[in-house]
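Colleague: Below you'll find start_37.cif; it's mmCIF, N, CA and C atoms.
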```
data_target
#
loop_
_atom_site.group_PDB
_atom_site.id
_atom_site.type_symbol
_atom_site.label_atom_id
_atom_site.label_comp_id
_atom_site.auth_asym_id
_atom_site.auth_seq_id
_atom_site.Cartn_x
_atom_site.Cartn_y
_atom_site.Cartn_z
ATOM 1 N N MET U 909 87.788 100.287 63.031
ATOM 2 C CA MET U 909 87.231 101.380 63.783
ATOM 3 C C MET U 909 88.280 102.422 64.119
ATOM 4 N N SER U 910 89.152 102.714 63.193
ATOM 5 C CA SER U 910 90.218 103.658 63.461
ATOM 6 C C SER U 910 89.830 105.095 63.160
ATOM 7 N N ASP U 911 88.612 105.323 62.610
ATOM 8 C CA ASP U 911 88.219 106.712 62.415
ATOM 9 C C ASP U 911 87.724 107.291 63.738
ATOM 10 N N ASN U 912 87.501 108.577 63.787
ATOM 11 C CA ASN U 912 87.126 109.240 65.035
ATOM 12 C C ASN U 912 85.624 109.259 65.271
ATOM 13 N N LYS U 913 84.882 108.426 64.609
ATOM 14 C CA LYS U 913 83.445 108.353 64.830
ATOM 15 C C LYS U 913 83.163 107.675 66.156
ATOM 16 N N SER U 914 82.027 107.976 66.721
ATOM 17 C CA SER U 914 81.640 107.364 67.994
ATOM 18 C C SER U 914 81.410 105.880 67.795
ATOM 19 N N GLN U 915 81.728 105.131 68.829
ATOM 20 C CA GLN U 915 81.516 103.687 68.821
ATOM 21 C C GLN U 915 80.489 103.360 69.886
ATOM 22 N N GLN U 916 79.613 102.439 69.598
ATOM 23 C CA GLN U 916 78.647 101.997 70.599
ATOM 24 C C GLN U 916 79.374 101.078 71.567
ATOM 25 N N SER U 917 79.182 101.257 72.876
ATOM 26 C CA SER U 917 79.815 100.399 73.853
ATOM 27 C C SER U 917 79.220 99.006 73.744
ATOM 28 N N PRO U 918 79.949 97.968 74.179
ATOM 29 C CA PRO U 918 79.517 96.582 74.003
ATOM 30 C C PRO U 918 78.181 96.250 74.664
ATOM 31 N N ASN U 919 77.857 96.845 75.811
ATOM 32 C CA ASN U 919 76.623 96.456 76.491
ATOM 33 C C ASN U 919 75.424 97.283 76.033
ATOM 34 N N ASN U 920 75.612 98.248 75.158
ATOM 35 C CA ASN U 920 74.580 99.097 74.583
ATOM 36 C C ASN U 920 73.794 99.900 75.609
ATOM 37 N N ASP U 921 74.159 99.875 76.891
ATOM 38 C CA ASP U 921 73.485 100.662 77.911
ATOM 39 C C ASP U 921 74.203 101.985 78.170
ATOM 40 N N SER U 922 75.448 102.058 77.800
ATOM 41 C CA SER U 922 76.259 103.246 78.062
ATOM 42 C C SER U 922 76.271 104.136 76.833
ATOM 43 N N PRO U 923 76.600 105.405 77.021
ATOM 44 C CA PRO U 923 76.703 106.289 75.859
ATOM 45 C C PRO U 923 77.859 105.870 74.960
ATOM 46 N N PRO U 924 77.840 106.304 73.717
ATOM 47 C CA PRO U 924 78.935 105.954 72.803
ATOM 48 C C PRO U 924 80.282 106.457 73.320
ATOM 49 N N VAL U 925 81.341 105.763 72.965
ATOM 50 C CA VAL U 925 82.697 106.105 73.391
ATOM 51 C C VAL U 925 83.449 106.632 72.188
ATOM 52 N N LYS U 926 84.080 107.804 72.347
ATOM 53 C CA LYS U 926 84.895 108.363 71.266
ATOM 54 C C LYS U 926 86.325 107.882 71.410
ATOM 55 N N GLU U 927 86.963 107.652 70.297
ATOM 56 C CA GLU U 927 88.380 107.281 70.325
ATOM 57 C C GLU U 927 89.202 108.512 70.676
ATOM 58 N N SER U 928 90.265 108.289 71.448
ATOM 59 C CA SER U 928 91.164 109.378 71.807
ATOM 60 C C SER U 928 92.026 109.747 70.617
ATOM 61 N N PRO U 929 92.383 111.032 70.498
ATOM 62 C CA PRO U 929 93.299 111.413 69.415
ATOM 63 C C PRO U 929 94.676 110.828 69.688
ATOM 64 N N PRO U 930 95.467 110.629 68.661
ATOM 65 C CA PRO U 930 96.809 110.073 68.873
ATOM 66 C C PRO U 930 97.651 110.997 69.758
ATOM 67 N N VAL U 931 98.504 110.401 70.571
ATOM 68 C CA VAL U 931 99.370 111.160 71.466
ATOM 69 C C VAL U 931 100.544 111.687 70.671
ATOM 70 N N LYS U 932 100.804 112.984 70.820
ATOM 71 C CA LYS U 932 101.958 113.579 70.156
ATOM 72 C C LYS U 932 103.183 113.359 71.019
ATOM 73 N N GLU U 933 104.232 112.848 70.430
ATOM 74 C CA GLU U 933 105.467 112.624 71.179
ATOM 75 C C GLU U 933 106.318 113.878 71.125
ATOM 76 N N SER U 934 106.910 114.217 72.256
ATOM 77 C CA SER U 934 107.788 115.380 72.287
ATOM 78 C C SER U 934 109.124 115.020 71.656
ATOM 79 N N ALA U 935 109.864 116.029 71.295
ATOM 80 C CA ALA U 935 111.171 115.808 70.701
ATOM 81 C C ALA U 935 112.073 115.113 71.713
ATOM 82 N N PRO U 936 112.806 114.106 71.301
ATOM 83 C CA PRO U 936 113.674 113.404 72.251
ATOM 84 C C PRO U 936 114.786 114.311 72.762
ATOM 85 N N VAL U 937 115.088 114.175 74.037
ATOM 86 C CA VAL U 937 116.198 114.912 74.628
ATOM 87 C C VAL U 937 117.436 114.039 74.439
ATOM 88 N N ASN U 938 118.471 114.600 73.871
ATOM 89 C CA ASN U 938 119.646 113.769 73.631
ATOM 90 C C ASN U 938 120.325 113.418 74.957
ATOM 91 N N ASP U 939 121.062 112.330 74.937
ATOM 92 C CA ASP U 939 121.647 111.792 76.162
ATOM 93 C C ASP U 939 122.607 112.761 76.846
ATOM 94 N N SER U 940 123.387 113.507 76.076
ATOM 95 C CA SER U 940 124.345 114.407 76.718
ATOM 96 C C SER U 940 123.626 115.564 77.415
ATOM 97 N N LEU U 941 122.528 116.043 76.855
ATOM 98 C CA LEU U 941 121.759 117.101 77.502
ATOM 99 C C LEU U 941 121.102 116.572 78.773
ATOM 100 N N ARG U 942 120.564 115.361 78.710
ATOM 101 C CA ARG U 942 119.946 114.746 79.895
ATOM 102 C C ARG U 942 120.986 114.583 81.002
ATOM 103 N N LEU U 943 122.186 114.124 80.653
ATOM 104 C CA LEU U 943 123.257 113.943 81.625
ATOM 105 C C LEU U 943 123.633 115.273 82.269
ATOM 106 N N GLU U 944 123.788 116.307 81.457
ATOM 107 C CA GLU U 944 124.174 117.614 81.992
ATOM 108 C C GLU U 944 123.094 118.194 82.891
ATOM 109 N N ARG U 945 121.838 117.993 82.542
ATOM 110 C CA ARG U 945 120.744 118.473 83.404
ATOM 111 C C ARG U 945 120.750 117.738 84.739
ATOM 112 N N SER U 946 120.996 116.443 84.688
ATOM 113 C CA SER U 946 121.029 115.643 85.913
ATOM 114 C C SER U 946 122.177 116.091 86.814
ATOM 115 N N LYS U 947 123.343 116.281 86.235
ATOM 116 C CA LYS U 947 124.498 116.726 87.010
ATOM 117 C C LYS U 947 124.272 118.122 87.584
ATOM 118 N N ALA U 948 123.629 118.994 86.816
ATOM 119 C CA ALA U 948 123.330 120.345 87.296
ATOM 120 C C ALA U 948 122.367 120.296 88.478
ATOM 121 N N PHE U 949 121.394 119.388 88.425
ATOM 122 C CA PHE U 949 120.464 119.228 89.541
ATOM 123 C C PHE U 949 121.221 118.811 90.802
ATOM 124 N N ALA U 950 122.136 117.856 90.665
ATOM 125 C CA ALA U 950 122.926 117.404 91.817
ATOM 126 C C ALA U 950 123.789 118.536 92.360
ATOM 127 N N ARG U 951 124.368 119.345 91.475
ATOM 128 C CA ARG U 951 125.183 120.476 91.939
ATOM 129 C C ARG U 951 124.325 121.487 92.710
ATOM 130 N N THR U 952 123.074 121.659 92.295
ATOM 131 C CA THR U 952 122.165 122.553 93.012
ATOM 132 C C THR U 952 121.943 122.065 94.434
ATOM 133 N N ILE U 953 121.779 120.762 94.602
ATOM 134 C CA ILE U 953 121.606 120.201 95.948
ATOM 135 C C ILE U 953 122.873 120.404 96.769
ATOM 136 N N LYS U 954 124.026 120.212 96.143
ATOM 137 C CA LYS U 954 125.298 120.404 96.860
ATOM 138 C C LYS U 954 125.442 121.828 97.378
ATOM 139 N N GLU U 955 124.900 122.787 96.657
ATOM 140 C CA GLU U 955 125.030 124.195 97.042
ATOM 141 C C GLU U 955 123.966 124.622 98.044
ATOM 142 N N SER U 956 123.072 123.721 98.416
ATOM 143 C CA SER U 956 121.995 124.065 99.350
ATOM 144 C C SER U 956 122.348 123.636 100.773
ATOM 145 N N ASP U 957 121.491 124.004 101.706
ATOM 146 C CA ASP U 957 121.665 123.597 103.104
ATOM 147 C C ASP U 957 121.490 122.090 103.287
ATOM 148 N N ILE U 958 120.823 121.459 102.360
ATOM 149 C CA ILE U 958 120.592 120.011 102.450
ATOM 150 C C ILE U 958 121.918 119.261 102.537
ATOM 151 N N TYR U 959 122.873 119.675 101.720
ATOM 152 C CA TYR U 959 124.166 118.976 101.647
ATOM 153 C C TYR U 959 124.854 118.929 103.007
ATOM 154 N N GLU U 960 124.850 120.042 103.724
ATOM 155 C CA GLU U 960 125.532 120.104 105.018
ATOM 156 C C GLU U 960 124.915 119.167 106.047
ATOM 157 N N ASN U 961 123.654 118.828 105.878
ATOM 158 C CA ASN U 961 122.971 117.946 106.822
ATOM 159 C C ASN U 961 123.016 116.469 106.430
ATOM 160 N N MET U 962 123.686 116.144 105.331
ATOM 161 C CA MET U 962 123.787 114.754 104.880
ATOM 162 C C MET U 962 124.892 114.025 105.629
ATOM 163 N N ASP U 963 124.735 112.705 105.742
ATOM 164 C CA ASP U 963 125.830 111.909 106.304
ATOM 165 C C ASP U 963 126.900 111.725 105.229
ATOM 166 N N SER U 964 128.029 111.157 105.600
ATOM 167 C CA SER U 964 129.161 111.066 104.667
ATOM 168 C C SER U 964 128.854 110.182 103.457
ATOM 169 N N ASN U 965 128.096 109.086 103.644
ATOM 170 C CA ASN U 965 127.750 108.225 102.503
ATOM 171 C C ASN U 965 126.940 108.985 101.461
ATOM 172 N N ASN U 966 125.932 109.743 101.927
ATOM 173 C CA ASN U 966 125.088 110.489 101.001
ATOM 174 C C ASN U 966 125.849 111.639 100.350
ATOM 175 N N LYS U 967 126.747 112.291 101.084
ATOM 176 C CA LYS U 967 127.564 113.348 100.490
ATOM 177 C C LYS U 967 128.445 112.789 99.383
ATOM 178 N N GLN U 968 129.075 111.648 99.667
ATOM 179 C CA GLN U 968 129.948 111.031 98.660
ATOM 180 C C GLN U 968 129.145 110.645 97.418
ATOM 181 N N ALA U 969 127.951 110.083 97.610
ATOM 182 C CA ALA U 969 127.106 109.711 96.474
ATOM 183 C C ALA U 969 126.696 110.952 95.679
ATOM 184 N N LEU U 970 126.335 112.023 96.361
ATOM 185 C CA LEU U 970 125.946 113.251 95.669
ATOM 186 C C LEU U 970 127.118 113.835 94.887
ATOM 187 N N ASN U 971 128.322 113.731 95.427
ATOM 188 C CA ASN U 971 129.504 114.197 94.699
ATOM 189 C C ASN U 971 129.685 113.417 93.401
ATOM 190 N N VAL U 972 129.498 112.097 93.461
ATOM 191 C CA VAL U 972 129.593 111.261 92.256
ATOM 192 C C VAL U 972 128.533 111.697 91.249
ATOM 193 N N TRP U 973 127.305 111.899 91.727
ATOM 194 C CA TRP U 973 126.214 112.310 90.844
ATOM 195 C C TRP U 973 126.539 113.643 90.171
ATOM 196 N N ALA U 974 127.009 114.614 90.935
ATOM 197 C CA ALA U 974 127.293 115.936 90.389
ATOM 198 C C ALA U 974 128.430 115.908 89.369
ATOM 199 N N GLU U 975 129.370 114.999 89.551
ATOM 200 C CA GLU U 975 130.533 114.936 88.660
ATOM 201 C C GLU U 975 130.342 113.985 87.483
ATOM 202 N N GLN U 976 129.597 112.872 87.702
ATOM 203 C CA GLN U 976 129.538 111.824 86.681
ATOM 204 C C GLN U 976 128.132 111.480 86.194
ATOM 205 N N GLY U 977 127.090 111.905 86.904
ATOM 206 C CA GLY U 977 125.731 111.658 86.451
ATOM 207 C C GLY U 977 125.035 110.534 87.192
ATOM 208 N N GLU U 978 123.740 110.348 86.840
ATOM 209 C CA GLU U 978 122.912 109.411 87.598
ATOM 210 C C GLU U 978 123.291 107.953 87.411
ATOM 211 N N LYS U 979 123.758 107.556 86.249
ATOM 212 C CA LYS U 979 124.158 106.147 86.070
ATOM 213 C C LYS U 979 125.344 105.817 86.965
ATOM 214 N N ALA U 980 126.276 106.741 87.057
ATOM 215 C CA ALA U 980 127.458 106.523 87.898
ATOM 216 C C ALA U 980 127.086 106.474 89.374
ATOM 217 N N VAL U 981 126.144 107.339 89.799
ATOM 218 C CA VAL U 981 125.772 107.330 91.213
ATOM 219 C C VAL U 981 125.013 106.053 91.564
ATOM 220 N N ILE U 982 124.222 105.540 90.658
ATOM 221 C CA ILE U 982 123.519 104.278 90.923
ATOM 222 C C ILE U 982 124.528 103.149 91.087
ATOM 223 N N ALA U 983 125.512 103.086 90.195
ATOM 224 C CA ALA U 983 126.562 102.071 90.326
ATOM 225 C C ALA U 983 127.320 102.247 91.634
ATOM 226 N N HIS U 984 127.620 103.489 91.980
ATOM 227 C CA HIS U 984 128.327 103.793 93.225
ATOM 228 C C HIS U 984 127.518 103.323 94.430
ATOM 229 N N MET U 985 126.246 103.621 94.441
ATOM 230 C CA MET U 985 125.408 103.301 95.587
ATOM 231 C C MET U 985 125.182 101.796 95.764
ATOM 232 N N PHE U 986 125.296 101.037 94.706
ATOM 233 C CA PHE U 986 125.131 99.589 94.802
ATOM 234 C C PHE U 986 126.461 98.855 94.927
ATOM 235 N N THR U 987 127.544 99.586 95.214
ATOM 236 C CA THR U 987 128.860 98.995 95.372
ATOM 237 C C THR U 987 129.431 99.368 96.738
ATOM 238 N N ASP U 988 129.905 98.374 97.480
ATOM 239 C CA ASP U 988 130.576 98.642 98.753
ATOM 240 C C ASP U 988 131.894 99.334 98.420
ATOM 241 N N GLN U 989 132.091 100.533 98.940
ATOM 242 C CA GLN U 989 133.261 101.336 98.582
ATOM 243 C C GLN U 989 134.562 100.798 99.168
ATOM 244 N N GLU U 990 134.484 99.956 100.191
ATOM 245 C CA GLU U 990 135.696 99.382 100.781
ATOM 246 C C GLU U 990 136.109 98.083 100.102
ATOM 247 N N THR U 991 135.135 97.264 99.701
ATOM 248 C CA THR U 991 135.460 95.944 99.159
ATOM 249 C C THR U 991 135.186 95.799 97.672
ATOM 250 N N GLY U 992 134.340 96.662 97.119
ATOM 251 C CA GLY U 992 133.949 96.544 95.722
ATOM 252 C C GLY U 992 132.811 95.550 95.499
ATOM 253 N N ARG U 993 132.323 94.950 96.579
ATOM 254 C CA ARG U 993 131.248 93.966 96.491
ATOM 255 C C ARG U 993 129.952 94.667 96.113
ATOM 256 N N GLN U 994 129.133 93.992 95.273
ATOM 257 C CA GLN U 994 127.825 94.530 94.917
ATOM 258 C C GLN U 994 126.887 94.413 96.113
ATOM 259 N N LEU U 995 126.166 95.494 96.402
ATOM 260 C CA LEU U 995 125.227 95.515 97.514
ATOM 261 C C LEU U 995 123.843 95.078 97.048
ATOM 262 N N SER U 996 123.104 94.464 97.947
ATOM 263 C CA SER U 996 121.706 94.166 97.660
ATOM 264 C C SER U 996 120.922 95.466 97.769
ATOM 265 N N TYR U 997 119.681 95.435 97.315
ATOM 266 C CA TYR U 997 118.834 96.616 97.427
ATOM 267 C C TYR U 997 118.667 97.020 98.892
ATOM 268 N N GLY U 998 118.451 96.052 99.758
ATOM 269 C CA GLY U 998 118.284 96.336 101.184
ATOM 270 C C GLY U 998 119.524 96.969 101.793
ATOM 271 N N GLU U 999 120.700 96.447 101.425
ATOM 272 C CA GLU U 999 121.945 97.028 101.943
ATOM 273 C C GLU U 999 122.121 98.464 101.463
ATOM 274 N N MET U 1000 121.796 98.698 100.186
ATOM 275 C CA MET U 1000 121.909 100.052 99.658
ATOM 276 C C MET U 1000 120.975 101.003 100.398
ATOM 277 N N ARG U 1001 119.744 100.562 100.647
ATOM 278 C CA ARG U 1001 118.776 101.413 101.354
ATOM 279 C C ARG U 1001 119.222 101.695 102.787
ATOM 280 N N MET U 1002 119.888 100.727 103.434
ATOM 281 C CA MET U 1002 120.377 100.949 104.789
ATOM 282 C C MET U 1002 121.445 102.048 104.809
ATOM 283 N N ARG U 1003 122.236 102.139 103.760
ATOM 284 C CA ARG U 1003 123.299 103.150 103.709
ATOM 285 C C ARG U 1003 122.812 104.516 103.259
ATOM 286 N N TYR U 1004 121.881 104.523 102.322
ATOM 287 C CA TYR U 1004 121.497 105.793 101.686
ATOM 288 C C TYR U 1004 120.060 106.228 101.959
ATOM 289 N N GLY U 1005 119.325 105.438 102.691
ATOM 290 C CA GLY U 1005 117.952 105.835 103.022
ATOM 291 C C GLY U 1005 116.929 105.413 102.004
#
```
For this file, write the structure as structure tokens.

Modeller:
Amino acid sequence: MSDNKSQQSPNNDSPPVKESPPVKESAPVNDSLRLERSKAFARTIKESDIYENMDSNNKQALNVWAEQGEKAVIAHMFTDQETGRQLSYGEMRMRYG
């Protein structure tokens, strides 16, 4: 039943169901472009009033994001900066909201 003809529904009480057309995939964004867009987004936040109202933990994390990208900030946020110990999800949320 891969053609686009209508199909009768199993209970025969409902109207026929048409198959959806195949989904077109967009061109993949290469990793370096994605990284640069992410870093640019973080720099935009740094240049806004939001940055001045952040606590020191969030400012430091945003600086990492703006300089190194989202993978680096995730690693940063899940690491205790004084001991290097990995933080649990709950501990990370307590520090960064």

Colleague: Taking the file as I've supplied it (selection: the PyMOL selection byres (((chain U and resi 1005 and name CA) around 12) and name CA)), which residues are included? Please answer as a list in words.

Modeller: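 Against this file, the PyMOL selection byres (((chain U and resi 1005 and name CA) around 12) and name CA) returns the residues Met962, Asp963, Asn965, Asn966, Ala969, Met985, Tyr997, Gly998, Glu999, Met1000, Arg1001, Met1002, Arg1003 and Tyr1004 of chain U.
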
Colleague: What is the atom N of Asn961 in chain U to CA of Leu995 in chain U distance in Å?

Modeller: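 CA of Leu995 in chain U lies at a distance of 24.8 Å from atom N of Asn961 in chain U.
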
Colleague: List the neighbours of range 938-945 of chain U out to 7 Å using only N, CA and C atoms; skip same-chain residues closer than 3 positions along the sequence, and give me the result as an NGL selection string.

Modeller: :U and (935 or 948-950 or 977-978)

Colleague: Can you tell me how far atom C of Trp973 in chain U sits from atom C of Ser946 in chain U, in Å to one decimal?

Modeller: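 If I compute the distance from atom C of Trp973 in chain U to atom C of Ser946 in chain U, I get 6.0 Å.
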
Colleague: Using only C-alpha atoms, which of U:Lys967, U:Pro924, U:Val972, U:Tyr959 sits nearest Lys947 in chain U?

Modeller: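 Distance minimum relative to Lys947 in chain U lands on U:Val972.
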
Colleague: Just to confirm, what's the straight-line distance from atom N of Ser956 in chain U to CA of His984 in chain U in Å (one decimal)?

Modeller: 21.3 Å
